[in-house]
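*Asks:* I have a structure here, written as structure tokens, and I will follow up with some questions on it.
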Amino acid sequence: MNNVNKIATIFGITIGILGLAIGIYATINPMGVADIMDSPAVSTWGPYVFGGIIGFTVILSMWPLFGMGVQGIKNIGIKKRLRESGVKTTATIIDIEDTGVTVNLSPLVRITVETKEHHKGTFNTYVSRVGFPSPGDEIEVVYNPEKPEEMLPAYKVQLKNQSNNPMIT
């Protein structure tokens with residue numbers, strides 16, 4: 001979790017606790033809340049302050065979604081650049097770990113590989129449960145020669161030792 005997400009979480013929790021405290025106070029002493037709302041300061045600036053707090057809370061709560069969108073657009077650009085001008089080579093899987101995400105019964109895994117040129121890279125990809133890769137297997141990857149850590153599996157890569165079982169669809 002990055003710092004912006006931590007700040008947004010703390011702010012959201014703080015606003016939630018403040019709202020809970022006001023709700024409890026209103027339940028215990030409803031006339032006290034009415035007196036506060038009738039005061040000149042609250043009746044003049046109250047709606048603007050309340051609207052600002054709500055707006056700020058909504059913006060902070062949406063920030064992680066905005067960040068995911070920006071990261072997704074960045075990844076699309078990297079994928080397109082690698083598909084068009086990347087270097088295709090064979091790589092050996094060093095490590096594979098499950099991310100806990102499954103889409104259409106295909107697990108999303110994080111694969112760390114090392115190319116024949118001794119470039120290491122890590123990427124996330126969906127794999128088939130039938131031809132599930134393991135450390136030591138070879139796959140074809142595409143990498144950026146200027147930034148070798150930018151690496152993706154080549155399109156519809158198959159395991160070298162299991163040519164009939166597609167690893168990536």
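Note on naming: chains are A, B, ... as they come in the structure tokens, residues start from 1 per chain, ligands start from 1 in the order shown.
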Using 12 Å as the limit and counting only C-alpha atoms, can you tabulate each residue of stretch 39-131 of chain A that touches stretch 17-33 of chain A, with its shortest atom-to-atom distance in Å and the two atoms involved, as a Markdown table?

*Replies:*
| residue | atom | partner | partner_atom | distance |
| --- | --- | --- | --- | --- |
| A:Ser39 | CA | A:Val33 | CA | 10.1 |
| A:Val42 | CA | A:Val33 | CA | 11.0 |
| A:Phe50 | CA | A:Gly19 | CA | 11.4 |
| A:Ile53 | CA | A:Gly19 | CA | 11.4 |
| A:Ile54 | CA | A:Gly19 | CA | 11.3 |

*Asks:* Tell me, as an mmCIF file with N, CA and C atoms, in the first residue's frame, which residues lie within 8 Å of A:Gly86, counting only C-alpha atoms; anything in the same chain fewer than 2 positions away does not count.

*Replies:*
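Saved file out_31.cif follows:
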data_model
loop_
_atom_site.group_PDB
_atom_site.id
_atom_site.type_symbol
_atom_site.label_atom_id
_atom_site.label_comp_id
_atom_site.auth_asym_id
_atom_site.auth_seq_id
_atom_site.Cartn_x
_atom_site.Cartn_y
_atom_site.Cartn_z
ATOM 1 N N ARG A 81 4.618 -1.594 -26.941
ATOM 2 C CA ARG A 81 6.002 -1.324 -27.335
ATOM 3 C C ARG A 81 6.809 -2.623 -27.408
ATOM 4 N N LEU A 82 6.616 -3.507 -26.427
ATOM 5 C CA LEU A 82 7.358 -4.765 -26.431
ATOM 6 C C LEU A 82 6.924 -5.664 -27.587
ATOM 7 N N ARG A 83 5.631 -5.695 -27.879
ATOM 8 C CA ARG A 83 5.147 -6.524 -28.986
ATOM 9 C C ARG A 83 5.705 -6.033 -30.322
ATOM 10 N N GLU A 84 5.858 -4.701 -30.462
ATOM 11 C CA GLU A 84 6.325 -4.134 -31.727
ATOM 12 C C GLU A 84 7.841 -4.171 -31.866
ATOM 13 N N LYS A 88 12.735 -11.022 -28.781
ATOM 14 C CA LYS A 88 12.133 -12.296 -28.392
ATOM 15 C C LYS A 88 13.251 -13.293 -28.105
ATOM 16 N N VAL A 142 9.458 -11.668 -24.373
ATOM 17 C CA VAL A 142 9.852 -10.489 -25.136
ATOM 18 C C VAL A 142 10.301 -9.460 -24.118
ATOM 19 N N TYR A 143 11.482 -8.844 -24.339
ATOM 20 C CA TYR A 143 11.971 -7.841 -23.396
ATOM 21 C C TYR A 143 12.487 -6.618 -24.135
ATOM 22 N N ASN A 144 12.561 -5.514 -23.415
ATOM 23 C CA ASN A 144 13.059 -4.257 -23.939
ATOM 24 C C ASN A 144 14.579 -4.254 -23.775
ATOM 25 N N PRO A 145 15.344 -4.150 -24.873
ATOM 26 C CA PRO A 145 16.805 -4.197 -24.734
ATOM 27 C C PRO A 145 17.371 -3.011 -23.950
#

*Asks:* Please return, as a PyMOL selection string, all residues of stretch 1-160 of chain A that DSSP assigns to alpha helix (DSSP H) on the basis of the backbone.

*Replies:* chain A and resi 3-28+30-38+40-85

*Asks:* Take the residues that were just selected and, keeping C-alpha atoms, output them as an mmCIF file, in the first residue's frame.

*Replies:*
data_model
loop_
_atom_site.group_PDB
_atom_site.id
_atom_site.type_symbol
_atom_site.label_atom_id
_atom_site.label_comp_id
_atom_site.auth_asym_id
_atom_site.auth_seq_id
_atom_site.Cartn_x
_atom_site.Cartn_y
_atom_site.Cartn_z
ATOM 1 C CA ASN A 3 1.473 6.506 1.046
ATOM 2 C CA VAL A 4 -1.532 8.056 -0.720
ATOM 3 C CA ASN A 5 -3.609 4.947 -0.042
ATOM 4 C CA LYS A 6 -2.523 4.977 3.613
ATOM 5 C CA ILE A 7 -3.482 8.645 3.978
ATOM 6 C CA ALA A 8 -6.846 8.038 2.288
ATOM 7 C CA THR A 9 -7.504 5.059 4.561
ATOM 8 C CA ILE A 10 -6.612 7.004 7.709
ATOM 9 C CA PHE A 11 -8.736 9.969 6.579
ATOM 10 C CA GLY A 12 -11.690 7.694 5.808
ATOM 11 C CA ILE A 13 -11.437 5.973 9.183
ATOM 12 C CA THR A 14 -11.179 9.352 10.942
ATOM 13 C CA ILE A 15 -14.280 10.692 9.165
ATOM 14 C CA GLY A 16 -16.107 7.438 9.968
ATOM 15 C CA ILE A 17 -15.236 7.700 13.676
ATOM 16 C CA LEU A 18 -16.257 11.361 13.703
ATOM 17 C CA GLY A 19 -19.576 10.460 12.072
ATOM 18 C CA LEU A 20 -20.138 7.673 14.605
ATOM 19 C CA ALA A 21 -19.393 10.069 17.480
ATOM 20 C CA ILE A 22 -21.856 12.646 16.107
ATOM 21 C CA GLY A 23 -24.466 9.912 15.664
ATOM 22 C CA ILE A 24 -24.045 8.750 19.261
ATOM 23 C CA TYR A 25 -24.199 12.355 20.515
ATOM 24 C CA ALA A 26 -27.373 12.958 18.478
ATOM 25 C CA THR A 27 -28.950 9.822 19.931
ATOM 26 C CA ILE A 28 -28.099 10.806 23.500
ATOM 27 C CA PRO A 30 -31.016 15.377 20.134
ATOM 28 C CA MET A 31 -31.700 18.943 21.331
ATOM 29 C CA GLY A 32 -27.947 19.612 21.660
ATOM 30 C CA VAL A 33 -27.506 18.837 17.954
ATOM 31 C CA ALA A 34 -30.409 21.136 17.090
ATOM 32 C CA ASP A 35 -28.808 23.950 19.114
ATOM 33 C CA ILE A 36 -25.502 23.465 17.310
ATOM 34 C CA MET A 37 -27.187 23.434 13.893
ATOM 35 C CA ASP A 38 -29.098 26.633 14.705
ATOM 36 C CA PRO A 40 -25.025 31.360 13.190
ATOM 37 C CA ALA A 41 -21.642 29.865 12.268
ATOM 38 C CA VAL A 42 -23.023 26.434 11.417
ATOM 39 C CA SER A 43 -26.078 27.715 9.553
ATOM 40 C CA THR A 44 -23.907 30.006 7.376
ATOM 41 C CA TRP A 45 -20.840 27.856 6.665
ATOM 42 C CA GLY A 46 -22.062 24.404 7.705
ATOM 43 C CA PRO A 47 -23.338 23.214 4.310
ATOM 44 C CA TYR A 48 -20.112 24.269 2.570
ATOM 45 C CA VAL A 49 -17.885 22.623 5.171
ATOM 46 C CA PHE A 50 -19.987 19.457 5.149
ATOM 47 C CA GLY A 51 -19.989 19.364 1.327
ATOM 48 C CA GLY A 52 -16.235 19.904 1.250
ATOM 49 C CA ILE A 53 -15.643 17.070 3.702
ATOM 50 C CA ILE A 54 -17.874 14.718 1.716
ATOM 51 C CA GLY A 55 -16.267 15.737 -1.589
ATOM 52 C CA PHE A 56 -12.751 15.354 -0.232
ATOM 53 C CA THR A 57 -13.604 11.950 1.232
ATOM 54 C CA VAL A 58 -15.050 10.760 -2.082
ATOM 55 C CA ILE A 59 -11.972 11.956 -3.991
ATOM 56 C CA LEU A 60 -9.594 10.241 -1.555
ATOM 57 C CA SER A 61 -11.596 7.028 -1.638
ATOM 58 C CA MET A 62 -11.528 7.023 -5.471
ATOM 59 C CA TRP A 63 -7.757 7.672 -5.621
ATOM 60 C CA PRO A 64 -6.733 3.982 -5.618
ATOM 61 C CA LEU A 65 -9.079 3.317 -8.562
ATOM 62 C CA PHE A 66 -7.557 6.244 -10.447
ATOM 63 C CA GLY A 67 -4.082 4.853 -9.727
ATOM 64 C CA MET A 68 -5.073 1.425 -11.035
ATOM 65 C CA GLY A 69 -6.421 3.039 -14.205
ATOM 66 C CA VAL A 70 -3.192 4.957 -14.788
ATOM 67 C CA GLN A 71 -1.127 1.813 -14.155
ATOM 68 C CA GLY A 72 -3.322 -0.132 -16.584
ATOM 69 C CA ILE A 73 -2.820 2.477 -19.304
ATOM 70 C CA LYS A 74 0.943 2.432 -18.648
ATOM 71 C CA ASN A 75 0.984 -1.372 -18.911
ATOM 72 C CA ILE A 76 -0.890 -1.230 -22.222
ATOM 73 C CA GLY A 77 1.801 1.089 -23.579
ATOM 74 C CA ILE A 78 4.597 -1.199 -22.368
ATOM 75 C CA LYS A 79 2.892 -4.260 -23.850
ATOM 76 C CA LYS A 80 2.391 -2.552 -27.212
ATOM 77 C CA ARG A 81 6.002 -1.324 -27.335
ATOM 78 C CA LEU A 82 7.358 -4.765 -26.431
ATOM 79 C CA ARG A 83 5.147 -6.524 -28.986
ATOM 80 C CA GLU A 84 6.325 -4.134 -31.727
ATOM 81 C CA SER A 85 10.036 -3.694 -30.967
#

*Asks:* Identify, on the basis of only C-alpha atoms, every residue whose closest approach to A:Lys120 does not exceed 9 Å; exclude the query and any residue fewer than 5 positions from it along the same chain; express the result as a PDB file with C-alpha atoms, in the first residue's frame.

*Replies:*
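result17.pdb written:
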ATOM      1  CA  ALA A  91      13.890 -17.766 -20.713  1.00  0.00           C
ATOM      2  CA  THR A 112      10.372 -14.645 -12.425  1.00  0.00           C
ATOM      3  CA  VAL A 113      12.546 -15.667 -15.353  1.00  0.00           C
ATOM      4  CA  GLU A 114      16.124 -15.385 -16.543  1.00  0.00           C
ATOM      5  CA  THR A 115      16.864 -15.116 -20.265  1.00  0.00           C
ATOM      6  CA  PRO A 148      15.656  -5.578 -19.719  1.00  0.00           C
ATOM      7  CA  GLU A 149      13.476  -5.695 -16.597  1.00  0.00           C
ATOM      8  CA  MET A 151       9.572  -8.264 -19.879  1.00  0.00           C
TER       9      MET A 151
END

*Asks:* Any idea what the distance is between atom CA of A:Asn104 and atom CA of A:Gly136?

*Replies:*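 Separation of atom CA of A:Asn104 and atom CA of A:Gly136: 26.3 Å.
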
*Asks:* Select, from A:Thr89, A:Gly100, A:Glu117, A:Leu108, the residue with the minimum atom-to-atom distance to A:Pro133, counting only C-alpha atoms.

*Replies:*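 Result for the nearest residue to A:Pro133: A:Leu108.
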
*Asks:* May I have the residues within 10 Å of A:Thr99 as a ChimeraX atom specification, using only C-alpha atoms and disregarding those fewer than 3 positions away in the same chain?

*Replies:* /A:96,102,107-110,124-125

*Asks:* Which value, in Å to one decimal, gives the distance between atom CA of A:Asp95 and atom CA of A:Phe132?

*Replies:*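 Going from atom CA of A:Asp95 over to atom CA of A:Phe132, I get 12.8 Å.
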
*Asks:* Enter the distance from atom CA of A:Arg129 to atom CA of A:Ile94, in Å, rounded to one decimal.

*Replies:*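 These atoms are spaced 18.8 Å apart.
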